[in-house]
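What follows is the content of entry-v1.txt, which has compact mmCIF, C-alpha atoms:
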# COMPACT_ATOMS: atom_id res chain seq x y z
CA SER A 210 0.00 0.00 0.00
CA VAL A 211 1.01 3.65 -0.34
CA LYS A 212 1.47 4.09 3.40
CA ASP A 213 3.85 1.12 3.58
CA ARG A 214 6.06 2.57 0.83
CA LEU A 215 6.36 6.00 2.45
CA GLY A 216 9.33 6.93 4.57
CA ALA A 217 8.63 7.26 8.27
CA ASP A 218 9.38 11.00 8.15
CA SER A 219 7.40 11.77 4.98
CA THR A 220 5.36 14.98 5.28
CA ALA A 221 2.51 13.13 3.57
CA ARG A 222 1.97 11.28 6.85
CA THR A 223 1.28 14.45 8.84
CA GLU A 224 0.56 17.39 6.50
CA ALA A 225 -2.81 17.66 4.75
CA TRP A 226 -1.43 19.38 1.63
CA ALA A 227 1.27 16.71 1.18
CA TYR A 228 -1.17 13.87 1.78
CA ARG A 229 -3.61 15.34 -0.73
CA ARG A 230 -0.83 15.61 -3.32
CA LEU A 231 0.15 11.98 -2.70
CA ARG A 232 -3.46 10.85 -2.81
CA ARG A 233 -4.12 12.67 -6.07
CA ALA A 234 -1.09 11.03 -7.69
CA ALA A 235 -2.10 7.59 -6.41
CA THR A 236 -5.73 7.78 -7.54
CA SER A 237 -5.20 9.78 -10.77
CA ARG A 238 -8.50 11.54 -10.19
CA GLU A 239 -9.24 14.70 -12.17
CA ASP A 240 -11.74 15.78 -9.51
CA GLY A 241 -9.08 15.47 -6.81
CA PHE A 242 -10.31 18.30 -4.61
CA VAL A 243 -13.86 16.93 -4.55
CA SER A 244 -12.80 13.45 -3.43
CA GLU A 245 -10.33 14.91 -0.92
CA ARG A 246 -13.11 17.10 0.49
CA CYS A 247 -15.24 13.95 0.90
CA VAL A 248 -12.54 12.18 2.94
CA LEU A 249 -10.84 14.97 4.90
CA GLY A 250 -14.04 16.98 5.21
CA ALA A 251 -17.32 15.03 5.09
CA LEU A 252 -16.11 11.70 6.47
CA ALA A 253 -14.10 13.52 9.13
CA ALA A 254 -17.29 15.39 10.05
CA ALA A 255 -19.11 12.05 10.38
CA ALA A 256 -16.34 10.78 12.68
CA GLN A 257 -16.47 14.01 14.65
CA GLN A 258 -20.22 13.79 15.15
CA ALA A 259 -20.48 10.06 15.87
CA ALA A 260 -17.30 9.54 17.90
CA GLY A 261 -17.01 13.00 19.47
CA PHE A 262 -13.52 13.67 18.09
CA GLU A 263 -12.94 17.43 18.24
CA ARG A 264 -10.22 17.41 15.54
CA PRO A 265 -10.16 14.08 13.68
CA HIS A 266 -6.89 12.85 12.19
CA LEU A 267 -6.95 10.50 9.22
CA LEU A 268 -5.32 7.24 10.28
CA SER A 269 -5.86 5.15 7.15
CA GLU A 270 -8.10 4.77 4.12
CA VAL A 271 -8.68 2.00 1.56
CA PHE A 272 -11.14 1.06 -1.15
CA VAL A 273 -12.72 -2.37 -0.77
CA VAL A 274 -14.22 -3.81 -3.95
CA LYS A 275 -16.13 -7.07 -4.22
CA PRO A 276 -16.74 -7.87 -7.90
CA ALA A 277 -20.09 -9.28 -8.95
CA LEU A 278 -20.58 -12.94 -8.01
CA SER A 279 -17.25 -13.03 -6.19
CA LYS A 280 -16.60 -15.32 -3.24
CA THR A 281 -14.60 -12.85 -1.15
CA SER A 282 -15.93 -12.47 2.39
CA PHE A 283 -14.65 -11.21 5.73
CA ASP A 284 -15.39 -13.15 8.90
CA TRP A 285 -16.10 -11.56 12.28
CA HIS A 286 -13.27 -9.24 13.33
CA ARG A 287 -12.54 -5.88 14.96
CA ASP A 288 -10.37 -3.16 13.44
CA ASP A 289 -8.12 -2.47 16.43
CA ALA A 290 -6.62 -5.98 16.23
CA LYS A 291 -4.93 -5.11 12.94
CA GLN A 292 -4.60 -1.32 12.96
CA LEU A 293 -3.08 -1.22 16.46
CA GLU A 294 -1.14 -4.47 16.23
CA LYS A 295 2.20 -2.66 16.61
CA VAL A 296 1.07 -0.79 19.74
CA GLY A 297 -0.76 -3.50 21.67
CA GLY A 298 -3.64 -4.50 19.41
CA ILE A 299 -6.93 -4.94 21.23
CA GLU A 300 -5.22 -4.13 24.54
CA SER A 301 -4.16 -0.68 23.32
CA ALA A 302 -5.80 2.37 24.88
CA GLU A 303 -5.40 4.36 21.65
CA ALA A 304 -8.72 5.50 20.22
CA PHE A 305 -10.04 5.59 16.68
CA CYS A 306 -13.23 4.95 14.76
CA SER A 307 -13.96 3.55 11.30
CA THR A 308 -16.11 5.06 8.56
CA TRP A 309 -17.71 2.76 5.98
CA ALA A 310 -19.02 4.71 2.97
CA PRO A 311 -20.69 2.74 0.16
CA LEU A 312 -19.93 3.73 -3.43
CA ASP A 313 -22.53 1.24 -4.74
CA ASP A 314 -25.80 0.04 -3.27
CA CYS A 315 -24.91 -2.36 -0.46
CA THR A 316 -27.48 -5.05 0.29
CA ALA A 317 -27.53 -8.41 2.02
CA ALA A 318 -27.13 -10.04 -1.38
CA SER A 319 -24.10 -7.92 -2.34
CA GLY A 320 -22.21 -8.54 0.89
CA THR A 321 -22.90 -5.44 2.92
CA LEU A 322 -21.69 -4.74 6.44
CA GLU A 323 -23.00 -6.66 9.44
CA LEU A 324 -22.40 -5.31 12.96
CA ARG A 325 -22.71 -7.06 16.32
CA SER A 326 -24.09 -5.23 19.34
CA LYS A 327 -21.73 -4.98 22.32
CA LYS A 328 -24.68 -4.97 24.72
CA THR A 329 -26.86 -7.79 23.41
CA GLY A 330 -24.57 -9.74 21.09
CA ALA A 331 -27.24 -9.58 18.38
CA SER A 332 -26.09 -8.71 14.87
CA GLN A 333 -27.65 -6.41 12.30
CA VAL A 334 -27.17 -6.29 8.53
CA ILE A 335 -26.68 -2.67 7.44
CA GLU A 336 -28.18 -2.03 4.01
CA CYS A 337 -27.09 1.35 2.68
CA GLU A 338 -26.45 3.33 -0.49
CA PRO A 339 -24.04 5.99 -1.82
CA GLY A 340 -24.25 9.08 0.38
CA ASP A 341 -24.66 7.07 3.58
CA VAL A 342 -21.83 6.68 6.11
CA VAL A 343 -21.64 4.00 8.79
CA VAL A 344 -19.39 4.94 11.74
CA PHE A 345 -18.37 2.35 14.32
CA ALA A 346 -15.89 2.02 17.16
CA LYS A 347 -12.48 0.38 16.89
CA ASP A 348 -13.64 -2.61 18.96
CA ALA A 349 -16.95 -3.21 17.17
CA TRP A 350 -17.25 -6.75 15.82
CA HIS A 351 -18.25 -6.81 12.15
CA ARG A 352 -18.19 -8.95 9.05
CA SER A 353 -19.37 -8.98 5.42
CA SER A 354 -20.42 -11.88 3.25
CA ALA A 355 -19.63 -12.67 -0.38
CA ASN A 356 -21.19 -10.66 -3.18
CA ALA A 357 -23.87 -12.87 -4.70
CA SER A 358 -25.36 -10.05 -6.77
CA ASP A 359 -24.72 -9.31 -10.45
CA GLY A 360 -23.19 -5.89 -9.67
CA ASP A 361 -19.93 -4.79 -8.07
CA ARG A 362 -19.91 -3.72 -4.42
CA SER A 363 -17.44 -0.91 -3.75
CA VAL A 364 -16.85 0.78 -0.41
CA HIS A 365 -14.53 3.48 0.88
CA TYR A 366 -13.20 2.41 4.28
CA ALA A 367 -11.28 4.82 6.55
CA GLN A 368 -10.18 5.25 10.13
CA PHE A 369 -9.95 8.47 12.13
CA SER A 370 -8.30 9.12 15.49
CA PRO A 371 -8.85 12.04 17.89
CA THR A 372 -5.10 12.68 18.10
CA PRO A 373 -2.09 11.38 16.12
CA LEU A 374 -1.35 7.70 16.80
CA LEU A 375 2.41 7.38 17.18
CA LEU A 376 5.00 4.63 17.30
CA ASP A 377 8.44 5.70 18.57
CA GLY A 378 7.43 9.31 18.09
CA ARG A 379 6.36 8.85 14.47
CA PRO A 380 2.93 8.27 12.90
CA LEU A 381 1.79 4.67 13.16
CA TRP A 382 0.13 4.97 9.74
CA PHE A 383 -1.06 8.46 8.88
CA ALA A 384 -1.79 11.35 11.21
CA VAL A 385 -3.27 13.87 8.82
CA PRO A 386 -5.26 16.65 10.54
CA CYS A 387 -8.70 17.09 8.98
CA GLU A 388 -11.03 20.05 8.56
CA PRO A 389 -14.45 18.49 9.23
CA THR A 390 -17.20 19.93 7.03
CA ARG A 391 -20.31 18.70 5.28
CA GLU A 392 -20.20 21.64 2.91
CA SER A 393 -20.05 20.60 -0.75
CA VAL A 394 -17.71 22.30 -3.21
CA ASP A 395 -20.72 24.01 -4.82
CA GLU A 396 -21.78 25.28 -1.41
CA THR A 397 -18.22 26.50 -0.79
CA ARG A 398 -18.30 28.28 -4.13
CA SER A 399 -21.54 30.06 -3.23
CA ARG A 400 -20.23 31.05 0.19
CA ALA A 401 -16.93 32.30 -1.23
CA ASP A 402 -18.71 34.21 -3.99
CA ALA A 403 -20.84 35.96 -1.39
CA CYS A 404 -17.67 36.98 0.49
CA THR A 405 -15.89 38.33 -2.59
CA VAL A 406 -15.97 42.10 -2.19
CA MET A 407 -13.71 44.89 -3.33
CA PRO A 408 -10.69 45.08 -1.01
CA ARG A 409 -9.38 48.31 0.41
CA VAL A 410 -8.28 50.70 -2.37
CA VAL A 411 -6.65 54.06 -1.62
CA ARG A 412 -6.49 56.43 -4.56
CA ASN A 413 -3.53 58.83 -4.79
CA ALA A 414 -1.96 57.30 -1.72
CA LEU A 415 1.50 58.59 -2.72
CA SER A 416 2.12 62.25 -2.05
CA LYS A 417 4.44 62.70 -5.05
CA PRO A 418 5.27 60.87 -8.30
CA TRP A 419 7.96 58.17 -8.36
CA ALA A 420 10.57 57.63 -11.05
CA LEU A 421 13.09 54.81 -11.50
CA PRO A 422 16.63 56.10 -10.81
CA ASP A 423 19.03 55.80 -13.73
CA ASP A 424 21.54 53.79 -11.70
CA ALA A 425 18.79 51.30 -10.81
CA LEU A 426 18.91 50.01 -14.39
CA SER A 427 22.04 48.03 -13.50
CA ILE A 428 20.47 46.18 -10.54
CA LYS A 429 20.77 42.43 -11.10
CA CYS A 430 17.61 40.35 -11.38
CA THR A 431 16.08 37.38 -13.18
CA VAL A 432 14.28 38.45 -16.33
CA PHE A 433 11.27 36.45 -17.57
CA ARG A 434 10.24 36.85 -21.21
CA SER A 435 7.07 35.69 -22.92
CA PRO A 436 6.01 36.48 -26.50
CA GLN A 437 2.40 36.08 -25.37
CA GLY A 438 2.83 38.19 -22.25
CA LYS A 439 1.63 35.39 -19.96
CA PHE A 440 3.59 34.86 -16.76
CA CYS A 441 3.39 32.30 -13.98
CA LEU A 442 5.18 33.73 -10.97
CA ASP A 443 5.89 30.40 -9.27
CA GLY A 444 7.89 29.22 -12.29
CA THR A 445 5.36 26.69 -13.56
CA ARG A 446 3.48 26.78 -16.83
CA HIS A 447 0.91 29.49 -17.35
CA PRO A 448 -2.27 27.79 -18.64
CA ASP A 449 -2.22 29.99 -21.75
CA ALA A 450 1.47 30.26 -22.49
CA LEU A 451 4.79 28.53 -22.85
CA LEU A 452 6.83 27.59 -19.80
CA THR A 453 8.09 31.05 -18.91
CA GLN A 454 10.58 29.59 -16.42
CA SER A 455 12.53 28.11 -19.34
CA MET A 456 12.73 31.57 -20.88
CA ALA A 457 14.21 33.17 -17.78
CA SER A 458 17.75 34.49 -17.71
CA ARG A 459 19.93 36.46 -15.38
CA GLY A 460 20.09 40.10 -16.27
CA VAL A 461 19.51 43.60 -14.97
CA VAL A 462 16.47 45.83 -14.58
CA GLY A 463 17.40 47.65 -17.78
CA ASP A 464 16.99 44.38 -19.73
CA VAL A 465 13.32 44.29 -18.81
CA LEU A 466 12.71 47.78 -20.17
CA SER A 467 14.62 47.13 -23.40
CA SER A 468 13.15 43.69 -24.15
CA GLU A 469 11.66 43.18 -27.61
CA VAL A 470 8.92 40.96 -26.14
CA ALA A 471 6.89 41.22 -22.97
CA ALA A 472 9.20 40.92 -19.96
CA TYR A 473 8.77 40.69 -16.24
CA ALA A 474 10.96 40.67 -13.14
CA VAL A 475 10.40 40.37 -9.41
CA LEU A 476 13.03 41.72 -7.02
CA ASP A 477 13.18 40.47 -3.43
CA ASP A 478 15.61 41.23 -0.59
CA LEU A 479 15.48 44.96 -1.25
CA GLY A 480 16.30 46.02 2.27
CA ASP A 481 15.05 49.57 2.73
CA GLY A 482 14.45 49.99 -1.03
CA LYS A 483 16.75 53.01 -1.36
CA ALA A 484 18.48 51.59 -4.45
CA LEU A 485 15.15 51.87 -6.27
CA ALA A 486 14.15 55.08 -4.50
CA LEU A 487 11.05 53.28 -3.26
CA PRO A 488 8.72 55.44 -1.20
CA ALA A 489 7.70 54.41 2.29
CA CYS A 490 4.48 52.46 2.57
CA PRO A 491 1.79 55.14 2.19
CA LEU A 492 -0.51 53.34 4.63
CA PRO A 493 1.15 53.68 8.05
CA ASP A 494 -1.00 50.98 9.65
CA LEU A 495 0.48 48.39 7.25
CA SER A 496 4.11 49.46 7.01
CA GLY A 497 7.01 47.30 8.09
CA THR A 498 5.21 43.96 8.15
CA ARG A 499 7.69 42.25 5.78
CA PRO A 500 10.50 43.30 3.39
CA PRO A 501 9.20 44.95 0.23
CA GLN A 502 9.15 43.40 -3.21
CA PHE A 503 9.49 45.25 -6.50
CA PHE A 504 7.69 44.17 -9.67
CA ILE A 505 8.54 45.61 -13.05
CA ALA A 506 6.81 44.74 -16.32
CA HIS A 507 7.39 45.81 -19.89
CA GLY A 508 4.75 45.35 -22.56
CA LYS A 509 1.33 43.81 -22.16
CA CYS A 510 1.79 41.35 -19.27
CA GLU A 511 -0.57 39.12 -17.34
CA THR A 512 0.08 36.86 -14.38
CA GLN A 513 -1.65 33.57 -13.65
CA LEU A 514 -4.35 33.34 -11.02
CA HIS A 515 -2.45 32.87 -7.77
CA ARG A 516 -2.44 33.57 -4.05
CA ASP A 517 0.14 34.76 -1.55
CA ALA A 518 0.86 33.42 1.93
CA PHE A 519 0.90 36.96 3.28
CA ALA A 520 -1.21 40.09 3.03
CA ASN A 521 -0.33 42.59 0.31
CA CYS A 522 -0.10 46.34 0.40
CA TYR A 523 0.45 46.94 -3.31
CA VAL A 524 1.39 50.41 -4.53
CA CYS A 525 1.33 51.18 -8.25
CA LEU A 526 4.35 53.38 -8.95
CA HIS A 527 4.09 53.79 -12.74
CA GLY A 528 1.66 52.86 -15.48
CA GLU A 529 -1.51 50.89 -14.77
CA ARG A 530 -2.26 47.49 -13.25
CA THR A 531 -5.65 45.76 -13.27
CA TRP A 532 -6.25 43.34 -10.43
CA THR A 533 -8.88 40.62 -10.76
CA ILE A 534 -9.69 39.20 -7.33
CA ALA A 535 -11.58 36.27 -5.75
CA HIS A 536 -12.02 35.26 -2.12
CA ALA A 537 -9.55 32.95 -0.37
CA ALA A 538 -12.33 30.44 0.36
CA HIS A 539 -12.17 29.29 -3.27
CA GLY A 540 -9.41 26.90 -2.16
CA TYR A 541 -10.51 24.23 -4.62
CA LEU A 542 -9.02 26.35 -7.45
CA GLU A 543 -5.48 25.32 -6.52
CA ARG A 544 -3.64 23.61 -9.38
CA ALA A 545 -2.11 21.13 -6.94
CA PRO A 546 -2.51 20.65 -3.19
CA GLY A 547 -0.80 23.51 -1.42
CA ALA A 548 0.09 25.22 -4.72
CA VAL A 549 0.30 28.97 -5.16
CA SER A 550 -1.25 28.85 -8.64
CA GLY A 551 -4.92 28.33 -9.35
CA ASP A 552 -6.99 27.20 -12.32
CA ASP A 553 -10.01 29.40 -12.99
CA ASP A 554 -13.01 27.21 -13.78
CA GLY A 555 -14.91 30.19 -15.15
CA ARG A 556 -17.66 30.02 -12.52
CA VAL A 557 -15.98 32.04 -9.78
CA ARG A 558 -17.26 35.47 -8.89
CA LYS A 559 -14.49 38.06 -9.14
CA VAL A 560 -14.11 41.78 -8.72
CA SER A 561 -11.68 43.96 -10.68
CA VAL A 562 -9.97 47.25 -10.04
CA THR A 563 -7.46 49.25 -12.10
CA LEU A 564 -4.69 50.98 -10.19
CA ARG A 565 -2.87 53.97 -11.60
CA ALA A 566 0.36 55.56 -10.48
CA GLY A 567 0.07 56.50 -6.83
CA ASP A 568 -2.84 54.19 -6.00
CA ALA A 569 -2.61 51.50 -3.30
CA LEU A 570 -4.44 48.21 -2.81
CA VAL A 571 -4.66 46.11 0.36
CA LEU A 572 -5.27 42.42 -0.32
CA PRO A 573 -5.77 39.90 2.52
CA LYS A 574 -3.66 36.75 2.83
CA ASP A 575 -4.54 33.87 0.46
CA TRP A 576 -6.99 35.86 -1.68
CA TRP A 577 -6.80 34.77 -5.32
CA HIS A 578 -5.69 37.38 -7.81
CA ALA A 579 -4.38 37.87 -11.33
CA VAL A 580 -2.63 41.07 -12.35
CA ALA A 581 -2.55 42.54 -15.86
CA ALA A 582 -0.39 45.43 -17.02
CA ALA A 583 -1.41 47.57 -19.97
CA ASP A 584 1.02 47.79 -22.88

Is it possible to give me this structure as structure tokens?
Amino acid sequence: SVKDRLGADSTARTEAWAYRRLRRAATSREDGFVSERCVLGALAAAAQQAAGFERPHLLSEVFVVKPALSKTSFDWHRDDAKQLEKVGGIESAEAFCSTWAPLDDCTAASGTLELRSKKTGASQVIECEPGDVVVFAKDAWHRSSANASDGDRSVHYAQFSPTPLLLDGRPLWFAVPCEPTRESVDETRSRADACTVMPRVVRNALSKPWALPDDALSIKCTVFRSPQGKFCLDGTRHPDALLTQSMASRGVVGDVLSSEVAAYAVLDDLGDGKALALPACPLPDLSGTRPPQFFIAHGKCETQLHRDAFANCYVCLHGERTWTIAHAAHGYLERAPGAVSGDDDGRVRKVSVTLRAGDALVLPKDWWHAVAAAD
């Protein structure tokens, strides 16, 4: 299984973004975010509600498929005997619960789940269908018979613990923290759309015009060029352009301004910004939160939809920039789990604002945005 092939210190065992990336690669699902939301959101919410786990952690998950007319069956057993075998088995005090989510109709004929009562010893066959979730304790006795029907019987089977289950200080299997929610992606979209409002814009925030000093033209930087003017700032492929990272070269600021095609550069580690004669942050309540960055574009340029792990106070120093913005809650837009870049599915509500020289924009952390510069 995937978990057995992972190194003990793999971040995929403990970090949700890394686990989601691993899961997406293993399942090859195009609707990765939706299925991940089902497991780390909806099933975690079921575990939270039924078992009382305040912050469920994913311990393990598998798909169990019984083909039509197959003879595969599982006799009476309890999950802690196997899952906790390395830490005491049925004698272990570690807690977890199992979720059993049918992907096909599960009937007595197709080999559905049968549970035995701890109090009476009587058993009950649980007939269920897609959308249902059966949650039971680690020490619940259960079994399932062979599939005698003419259709497959598929089930998603997972375990959740209230805290990470460890062996020698490392996760026993997985210990992925979940964000329990029964909200569907469409419901998230509607909620995020409702929250998408115009951020704080301050017109003429600068008290005087800015100009690039002549000696700043020789400042070293990496220059990105794109004949189509499409740029992906994390170095990956812009959905509508060539791989701009492969067209990057070391140069100076002057190379951007003299480029024959659209060019772009981002300068970090600017210190106090004196080499570029950068003005102080015009919004005193936001100044000094992190070192400044300097963006310079030549020609008609457009960035990909992306997000930043920090809040922005963006000041347009020269020319015009049009910002197209969507709320951070549209997390399902990410091109890969934990990625900076997003793929616009065309159904997201956005707001746009054009900044001119001297204008400032305040954008909260993780809000999606694309920035276009006029030619």

request  = Find the residues with any atom within 7 Å of (-7.2, 13.2, 5.4); use all atoms listed in the file and the coordinates as given in the file, and write the answer as a count of residues only.
outcome  = 8

message = Rounded to one decimal, what separation in Å do you get between atom CA of A:Arg222 and atom CA of A:His286?
response = 26.4 Å

request  = Counting only C-alpha atoms, figure out which residue out of A:Phe504, A:Tyr541, A:Phe345, A:Trp350 gets nearest to A:Val524.
outcome  = A:Phe504

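Candidate residues A:Ala472, A:Leu564, A:Val394, A:Ala401 were compared for distance to A:Trp577, and the nearest is A:Ala401, using all atoms listed in the file.
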
task = Kindly give the distance, in Å, that separates atom CA of A:Val557 and atom CA of A:Ala255, rounded to a single decimal.
result = 28.6 Å

request  = Show which residues sit within 8 Å of A:Ala506, as number ranges by chain. Count all atoms listed in the file, and ignore same-chain residues fewer than 4 positions away.
outcome  = A: 465-466, 471-474, 510, 582

Just the residues within 12 Å of A:Pro491, please, counting all atoms listed in the file, with nothing from its chain fewer than 6 positions along; format it as a PDB file with C-alpha atoms, in the frame of the given file.
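So the final result, stored in out28.pdb, reads:
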ATOM      1  CA  VAL A 410      -8.280  50.700  -2.370  1.00  0.00           C
ATOM      2  CA  VAL A 411      -6.650  54.060  -1.620  1.00  0.00           C
ATOM      3  CA  ARG A 412      -6.490  56.430  -4.560  1.00  0.00           C
ATOM      4  CA  ASN A 413      -3.530  58.830  -4.790  1.00  0.00           C
ATOM      5  CA  ALA A 414      -1.960  57.300  -1.720  1.00  0.00           C
ATOM      6  CA  LEU A 415       1.500  58.590  -2.720  1.00  0.00           C
ATOM      7  CA  SER A 416       2.120  62.250  -2.050  1.00  0.00           C
ATOM      8  CA  LYS A 417       4.440  62.700  -5.050  1.00  0.00           C
ATOM      9  CA  GLY A 497       7.010  47.300   8.090  1.00  0.00           C
ATOM     10  CA  CYS A 522      -0.100  46.340   0.400  1.00  0.00           C
ATOM     11  CA  TYR A 523       0.450  46.940  -3.310  1.00  0.00           C
ATOM     12  CA  VAL A 524       1.390  50.410  -4.530  1.00  0.00           C
ATOM     13  CA  CYS A 525       1.330  51.180  -8.250  1.00  0.00           C
ATOM     14  CA  LEU A 526       4.350  53.380  -8.950  1.00  0.00           C
ATOM     15  CA  GLY A 567       0.070  56.500  -6.830  1.00  0.00           C
ATOM     16  CA  ASP A 568      -2.840  54.190  -6.000  1.00  0.00           C
ATOM     17  CA  ALA A 569      -2.610  51.500  -3.300  1.00  0.00           C
ATOM     18  CA  LEU A 570      -4.440  48.210  -2.810  1.00  0.00           C
ATOM     19  CA  VAL A 571      -4.660  46.110   0.360  1.00  0.00           C
TER      20      VAL A 571
END

task = Excluding A:Ala520 and residues on its chain fewer than 5 positions from it, collect all residues at most 8 Å away from it, counting only C-alpha atoms, and give them as a PyMOL selection string.
result = chain A and resi 571-575

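Each of A:Pro408, A:Gly482, A:Pro276, A:Gly528 was compared to A:Ser561 using all atoms listed in the file, and A:Pro408 turns out to be the nearest.
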
task = Find the distance between atom CA of A:Ser354 and atom CA of A:Ala256 and write it in Å to one decimal.
result =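 Rounded to one decimal, the two atoms are 24.9 Å apart.
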
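When the distance limit is 7 Å and only C-alpha atoms are what count, the residues near A:Arg516, minus those fewer than 2 positions from it on the same chain, are Ala518, Val549, Ser550, Asp575, Trp576, Trp577 and His578 of chain A.
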
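Among the candidates A:Asp348, A:Asp359, A:Asp218, A:Asp584, the one nearest to A:Thr316 when counting only C-alpha atoms is A:Asp359.
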
key: Selected residue, from A:Lys509, A:Arg379, A:Arg530, A:Arg264, that lies nearest to A:Arg434 when counting only C-alpha atoms   =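 Of the candidates, the smallest distance to A:Arg434 is held by A:Lys509.
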
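Among the candidates A:Leu479, A:Leu374, A:Val364, A:Ala234, the one nearest to A:Ser269 when counting only C-alpha atoms is A:Leu374.
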
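Residues in contact with A:Ser370 at 8 Å, where all atoms listed in the file are counted and same-chain residues fewer than 2 positions away are skipped, are listed as Phe262, Pro265, His266, Leu267, Leu268, Ala304, Phe305, Cys306, Gln368, Thr372, Pro373 and Leu374 of chain A.
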
request  = Name the residues within 12 Å of (-19.8, -3.9, -7.6), counting only C-alpha atoms in the file's coordinates, and put them as an MDAnalysis selection string.
outcome  = chainID A and resid 272:279 311:316 318:321 355:364

Take the residues that were just selected and, keeping C-alpha atoms, output them as a compact mmCIF listing (two decimals), in the frame of the given file.
# COMPACT_ATOMS: atom_id res chain seq x y z
CA PHE A 272 -11.14 1.06 -1.15
CA VAL A 273 -12.72 -2.37 -0.77
CA VAL A 274 -14.22 -3.81 -3.95
CA LYS A 275 -16.13 -7.07 -4.22
CA PRO A 276 -16.74 -7.87 -7.90
CA ALA A 277 -20.09 -9.28 -8.95
CA LEU A 278 -20.58 -12.94 -8.01
CA SER A 279 -17.25 -13.03 -6.19
CA PRO A 311 -20.69 2.74 0.16
CA LEU A 312 -19.93 3.73 -3.43
CA ASP A 313 -22.53 1.24 -4.74
CA ASP A 314 -25.80 0.04 -3.27
CA CYS A 315 -24.91 -2.36 -0.46
CA THR A 316 -27.48 -5.05 0.29
CA ALA A 318 -27.13 -10.04 -1.38
CA SER A 319 -24.10 -7.92 -2.34
CA GLY A 320 -22.21 -8.54 0.89
CA THR A 321 -22.90 -5.44 2.92
CA ALA A 355 -19.63 -12.67 -0.38
CA ASN A 356 -21.19 -10.66 -3.18
CA ALA A 357 -23.87 -12.87 -4.70
CA SER A 358 -25.36 -10.05 -6.77
CA ASP A 359 -24.72 -9.31 -10.45
CA GLY A 360 -23.19 -5.89 -9.67
CA ASP A 361 -19.93 -4.79 -8.07
CA ARG A 362 -19.91 -3.72 -4.42
CA SER A 363 -17.44 -0.91 -3.75
CA VAL A 364 -16.85 0.78 -0.41
